[in-house]
Amino acid sequence: MNVKDLFINYFVSKGHIQIPSAPIVPENDPSVLFNTAGMQPLIPYLLGNPHPSGERLCDYQKCVRLTDLEEVGDKTHHTFFEMLGNWSLGSYFKKESIEYSFEFLTKVLNLPIEKLAITVFKGSDQIPKDTESASIWMDLGIKENHIAYLGEEDNFWAAGETGPCGPDTEIFFWRDEEKVPENFDPEDNRWVEIWNNVFMEFNRTLEGKVEPLPKKNVDTGMGYERITAVIEGVTDNYTSSIWKNIIEKIEEISNLPYQGNEKSMRIIADHIRTSVFISADDSGITPSNTDQGYILRRLIRRAIRHAKKLNIDISSSWDIEIAKIIIEKYKNYYPELETKKEIILKVLEEEKIKFNRTLEKGLKEFEKVVSKTDKMDGATAFHLYDTYGFPIELTIELANERNVSVDELGFQEKMKEHQEKSRTAAVGKFKGGLAGDGIIETKYHTATHLLNAALKQVLGADTHQRGSNINESRMRFDFNCDHKLTEEEKKKTEDLVNHWISLDLPVTIESMSKEEALKKGAEAMFIEKYPDTVNVYSIGNVSKEICGGPHVKSTKELGTFQIQKEESSASGIRRIKAILKD
């Protein structure tokens with residue numbers, strides 16, 4: 001039994017309900033392109049909305065994180081990863097949380113207690129030192145000199161400038177052949193962080209004052225790839241059982257050993273796996289030059305470049321063979337990989353064909369440059385990389401054949417500049433968190449339900465939501481429709497939404513089984529992603545939808561609804577952009 005199953009079984013035995021993994025592409029959270037942590041899909045419930053499955057939850061969540069993209073290729077970094085998590089929404093707090101973590105690690109995974117070390121919060125002006133957590137750890141048998149107190153940067157979590165916040169305690173494991181040191185040094189990278197327990201016990205006000213929360217939550221996260229490597233005793237994640245057959249397939253295809261070719265093989269394995277999961281998401285992401293589609297394109301093309309470095313025939317079905325192994329490996333946990341198999345393989349194949357054409361254009365561009373000079377500057381080398389996907393190694397190799405020198409230093413400077421821009425953009429685009437669920441976003445969330453109901457009346461009952469995106473200035477709503485809406489249809493839709501708003505309809509919530517909700521006529525975009533027990537939001541007798549929230553209390557709070565634009569989103573899918581005015 002693998003760690004995922006052991007983790008879920010353990011927490012279910014402790015009264016937790018397993019909830020399904022949320023999609024990779026988050027709904028109604030424009031601050032991020034992908035879910036980057038296990039807690040992200042639970043934001044409404046951590047803010048106080050009741051979860052239909054209760055107060056004790058556990059899951060394994062699909063995540064994609066890109067802030068360290070350039071690091072992928074080393075022993076530990078991944079773009080796609082799975083996060084194991086357990087949550088208490090007011091049910092238990094520090095003592096039980098720490099005891100559960102300790103018991104799982106030492107009794108279920110059988111990790112030796114002497115190889116564990118702990119960090120806790122050292123306190124600040126307003127918040128006391130977390131001696132409570134330290135005391136609990138020592139009662140369980142962790143030696144005092146294996147506990148370190150660290151500051152806000154390391155052991156304090158906050159939703160943002162305001163909102164829920166609190167200390168956390170992190171668990172480390174000694175991953176080295178040498179004897180475990182008597183004293184724990186958090187700066188020694190042989191101590192690897194394996195689990196983080198966040199205790200949301202305070203609220204930070206607009207004035208910066210920190211007050212105790214009436215309902216305290218626990219949010220934990222443990223990386224599946226990292227803990228698997230730890231229990232299997234390997235220091236290279238890519239040699240663990242998670243990656244073994246994928247790497248073996250790359251060795252077979254390239255006819256090269258892993259040793260000496262680690263970087264390229266890791267990048268191929270990681271990027272194809274991430275591409276498989278993004279392509280299988282219900283949001284229908286395909287390679288493009290914007291947002292999630294750009295990331296997908298970049299990952300596939302980077303994998304192709306490294307396949308070329310391994311002398312793999314990039315016109316062959318090498319990527320399809322690897323993808324099939326990944327689909328087979330994960331389909332029991334994520335059934336969408338099997339149902340979307342043809343889509344996944346088509347995405348990989350079509351992008352490969354496009355990129356191979358681009359490589360040909362790049363070769364023509366290269367020939368143009370070297371026919372005029374025997375020195376290629378850094379900017380030109382970077383242009384070949386950025387526009388045509390030429391890795392610097394390929395440019396240098398081709399240039400050497402023509403006795404042309406390449407300003408490699410100039411290229412690296414341009415690359416660094418590009419990475420800094422990307423990193424800065426990523427920090428803004430991938431920040432996420434509880435702070436983005438404000439009053440205006442809540443209004444727009446409710447308005448999407450009214451718009452969905454209105455479109456059903458205007459266009460027909462078989463009209464369904466196909467996606468939505470909300471920020472504080474507008475809402476975007478995708479729906480199935482085979483034609484451009486007429487002015488009359490747009491006006492009818494807008495008038496209907498505003499009529500319902502003017503009636504001041506109550507917004508109510510009920511918890512029930514998924515089957516019961518469907519029998520009662522509740523709408524749901526992707527029904528399989530919801531747990532067995534769901535929240536159903538009703539707006540008067542107008543709308544009934546399975547949803548995680550949050551929502552306003554009554555429609556009068558919404559103001560005036562106004563459609564700004566109606567356009568095509570994809571084949572058979574239309575998109576409405578709308579605003580709410582006071």
# chains A, B, ... in the order shown; residues from 1 in each chain; ligands from 1
call {"tool": "residues_around", "arguments": {"residues": "Thr395 of chain A", "least_positions_apart": "2", "cutoff": "10 Å", "atoms": "only C-alpha atoms", "output": "PyMOL selection string"}}
result
chain A and resi 363+366+376+381-382+384-385+390-393+397-400+405-406+408
call {"tool": "residues_around", "arguments": {"residues": "Thr76 of chain A", "least_positions_apart": "5", "cutoff": "9 Å", "atoms": "only C-alpha atoms", "output": "count of residues only"}}
result
7
call {"tool": "closest_residue", "arguments": {"among": "A:Leu69, A:Met512, A:Leu150, A:Leu111", "to": "Glu232 of chain A", "atoms": "only C-alpha atoms"}}
result
A:Leu111
call {"tool": "closest_residue", "arguments": {"among": "A:Trp137, A:Ala37, A:Leu46, A:Ile327", "to": "Gly223 of chain A", "atoms": "only C-alpha atoms"}}
result
A:Ala37
call {"tool": "select_by_dssp", "arguments": {"residues": "segment 343-530 of chain A", "states": "alpha helix (DSSP H)", "output": "PyMOL selection string"}}
result
chain A and resi 343-370+378-388+392-401+408-429+439-459+487-502+514-519
call {"tool": "residues_around", "arguments": {"residues": "Thr205 of chain A", "least_positions_apart": "4", "cutoff": "12 Å", "atoms": "only C-alpha atoms", "output": "list in words"}}
result
Ala158, Ala159, Gly160, Glu161, Thr162, Gly163, Pro164, Cys165, Lys209, Val210, Glu211, Pro212 and Leu213 of chain A
call {"tool": "write_last_selection", "arguments": {"atoms": "all heavy atoms", "output": "compact mmCIF listing (two decimals), in the first residue's frame"}}
result
# COMPACT_ATOMS: atom_id res chain seq x y z
N ALA A 158 -0.15 33.62 7.25
CA ALA A 158 -1.18 34.66 7.21
C ALA A 158 -1.88 34.64 5.87
O ALA A 158 -1.26 34.40 4.83
CB ALA A 158 -0.57 36.04 7.45
N ALA A 159 -3.20 34.92 5.89
CA ALA A 159 -3.99 34.95 4.66
C ALA A 159 -3.58 36.11 3.78
O ALA A 159 -3.68 36.07 2.57
CB ALA A 159 -5.47 35.06 5.00
N GLY A 160 -3.11 37.18 4.40
CA GLY A 160 -2.75 38.39 3.69
C GLY A 160 -2.48 39.47 4.72
O GLY A 160 -2.17 39.18 5.88
N GLU A 161 -2.63 40.72 4.31
CA GLU A 161 -2.42 41.82 5.25
C GLU A 161 -3.43 41.77 6.39
O GLU A 161 -3.15 42.17 7.51
CB GLU A 161 -2.52 43.18 4.51
CG GLU A 161 -1.43 43.40 3.48
CD GLU A 161 -0.05 43.41 4.09
OE1 GLU A 161 0.15 44.05 5.14
OE2 GLU A 161 0.85 42.75 3.52
N THR A 162 -4.64 41.31 6.07
CA THR A 162 -5.68 41.15 7.09
C THR A 162 -6.24 39.73 6.99
O THR A 162 -6.01 39.02 6.02
CB THR A 162 -6.83 42.15 6.88
OG1 THR A 162 -7.43 41.90 5.60
CG2 THR A 162 -6.35 43.59 6.94
N GLY A 163 -7.01 39.33 8.01
CA GLY A 163 -7.69 38.04 7.97
C GLY A 163 -7.04 36.99 8.84
O GLY A 163 -6.17 37.30 9.68
N PRO A 164 -7.44 35.71 8.67
CA PRO A 164 -6.95 34.64 9.51
C PRO A 164 -5.42 34.50 9.44
O PRO A 164 -4.82 34.70 8.39
CB PRO A 164 -7.61 33.39 8.93
CG PRO A 164 -8.79 33.89 8.18
CD PRO A 164 -8.42 35.24 7.67
N CYS A 165 -4.82 34.16 10.58
CA CYS A 165 -3.38 33.95 10.63
C CYS A 165 -3.05 33.12 11.87
O CYS A 165 -3.92 32.90 12.72
CB CYS A 165 -2.62 35.28 10.66
SG CYS A 165 -3.06 36.35 12.04
N LYS A 209 -4.28 45.03 14.33
CA LYS A 209 -4.41 44.39 15.64
C LYS A 209 -4.69 42.90 15.45
O LYS A 209 -5.44 42.50 14.56
CB LYS A 209 -5.57 45.05 16.41
CG LYS A 209 -5.64 44.65 17.87
CD LYS A 209 -6.79 45.36 18.55
CE LYS A 209 -6.94 44.85 19.97
NZ LYS A 209 -8.16 45.37 20.61
N VAL A 210 -4.07 42.07 16.28
CA VAL A 210 -4.27 40.62 16.19
C VAL A 210 -5.20 40.17 17.32
O VAL A 210 -4.93 40.41 18.49
CB VAL A 210 -2.92 39.88 16.28
CG1 VAL A 210 -3.13 38.37 16.36
CG2 VAL A 210 -2.07 40.21 15.05
N GLU A 211 -6.31 39.55 16.95
CA GLU A 211 -7.31 39.11 17.93
C GLU A 211 -7.54 37.60 17.79
O GLU A 211 -7.44 37.05 16.69
CB GLU A 211 -8.65 39.83 17.68
CG GLU A 211 -8.54 41.34 17.76
CD GLU A 211 -9.79 42.04 17.23
OE1 GLU A 211 -10.53 41.42 16.42
OE2 GLU A 211 -10.00 43.20 17.62
N PRO A 212 -7.90 36.92 18.90
CA PRO A 212 -8.16 35.47 18.80
C PRO A 212 -9.41 35.20 17.95
O PRO A 212 -10.38 35.96 18.00
CB PRO A 212 -8.42 35.05 20.26
CG PRO A 212 -7.91 36.16 21.10
CD PRO A 212 -8.01 37.40 20.27
N LEU A 213 -9.34 34.15 17.13
CA LEU A 213 -10.51 33.74 16.33
C LEU A 213 -11.47 32.94 17.21
O LEU A 213 -11.03 32.13 18.03
CB LEU A 213 -10.07 32.86 15.16
CG LEU A 213 -9.49 33.54 13.92
CD1 LEU A 213 -8.91 32.47 13.00
CD2 LEU A 213 -10.55 34.33 13.17
call {"tool": "residues_around", "arguments": {"residues": "segment 489-502 of chain A", "least_positions_apart": "6", "cutoff": "12 Å", "atoms": "only C-alpha atoms", "output": "ChimeraX atom specification"}}
result
/A:443,446-460,483,539-543,552-567,575-581
call {"tool": "write_last_selection", "arguments": {"atoms": "C-alpha atoms", "output": "compact mmCIF listing (two decimals), in the first residue's frame"}}
result
# COMPACT_ATOMS: atom_id res chain seq x y z
CA LYS A 443 -21.48 39.22 -5.08
CA THR A 446 -23.93 34.77 -6.62
CA ALA A 447 -24.55 36.66 -9.88
CA THR A 448 -23.12 33.73 -11.89
CA HIS A 449 -25.94 31.55 -10.48
CA LEU A 450 -28.57 34.06 -11.59
CA LEU A 451 -26.99 34.37 -15.03
CA ASN A 452 -26.95 30.57 -15.40
CA ALA A 453 -30.67 30.43 -14.51
CA ALA A 454 -31.52 33.31 -16.87
CA LEU A 455 -29.71 31.71 -19.83
CA LYS A 456 -31.69 28.51 -19.28
CA GLN A 457 -34.93 30.48 -19.60
CA VAL A 458 -33.82 32.50 -22.61
CA LEU A 459 -31.91 29.81 -24.57
CA GLY A 460 -33.35 26.54 -23.26
CA HIS A 483 -24.84 30.74 -32.00
CA ILE A 539 -31.86 31.62 -4.75
CA GLY A 540 -35.61 31.80 -4.10
CA ASN A 541 -37.24 29.42 -6.57
CA VAL A 542 -35.04 30.71 -9.39
CA SER A 543 -31.77 28.82 -8.99
CA VAL A 552 -24.60 36.95 -0.40
CA LYS A 553 -27.64 36.59 1.90
CA SER A 554 -30.14 38.08 -0.58
CA THR A 555 -30.16 39.28 -4.19
CA LYS A 556 -30.79 42.96 -3.32
CA GLU A 557 -27.14 43.16 -2.23
CA LEU A 558 -25.98 42.70 -5.84
CA GLY A 559 -26.90 46.10 -7.34
CA THR A 560 -27.50 46.29 -11.10
CA PHE A 561 -26.33 43.56 -13.48
CA GLN A 562 -24.97 44.69 -16.86
CA ILE A 563 -23.68 42.55 -19.77
CA GLN A 564 -20.65 44.23 -21.33
CA LYS A 565 -19.65 41.69 -23.95
CA GLU A 566 -20.76 38.39 -25.49
CA GLU A 567 -18.27 36.46 -27.61
CA ARG A 575 -18.67 33.74 -23.14
CA ILE A 576 -20.39 36.61 -21.36
CA LYS A 577 -18.47 39.34 -19.53
CA ALA A 578 -20.60 41.32 -17.10
CA ILE A 579 -20.35 43.78 -14.22
CA LEU A 580 -22.39 44.73 -11.16
CA LYS A 581 -23.05 48.44 -10.56
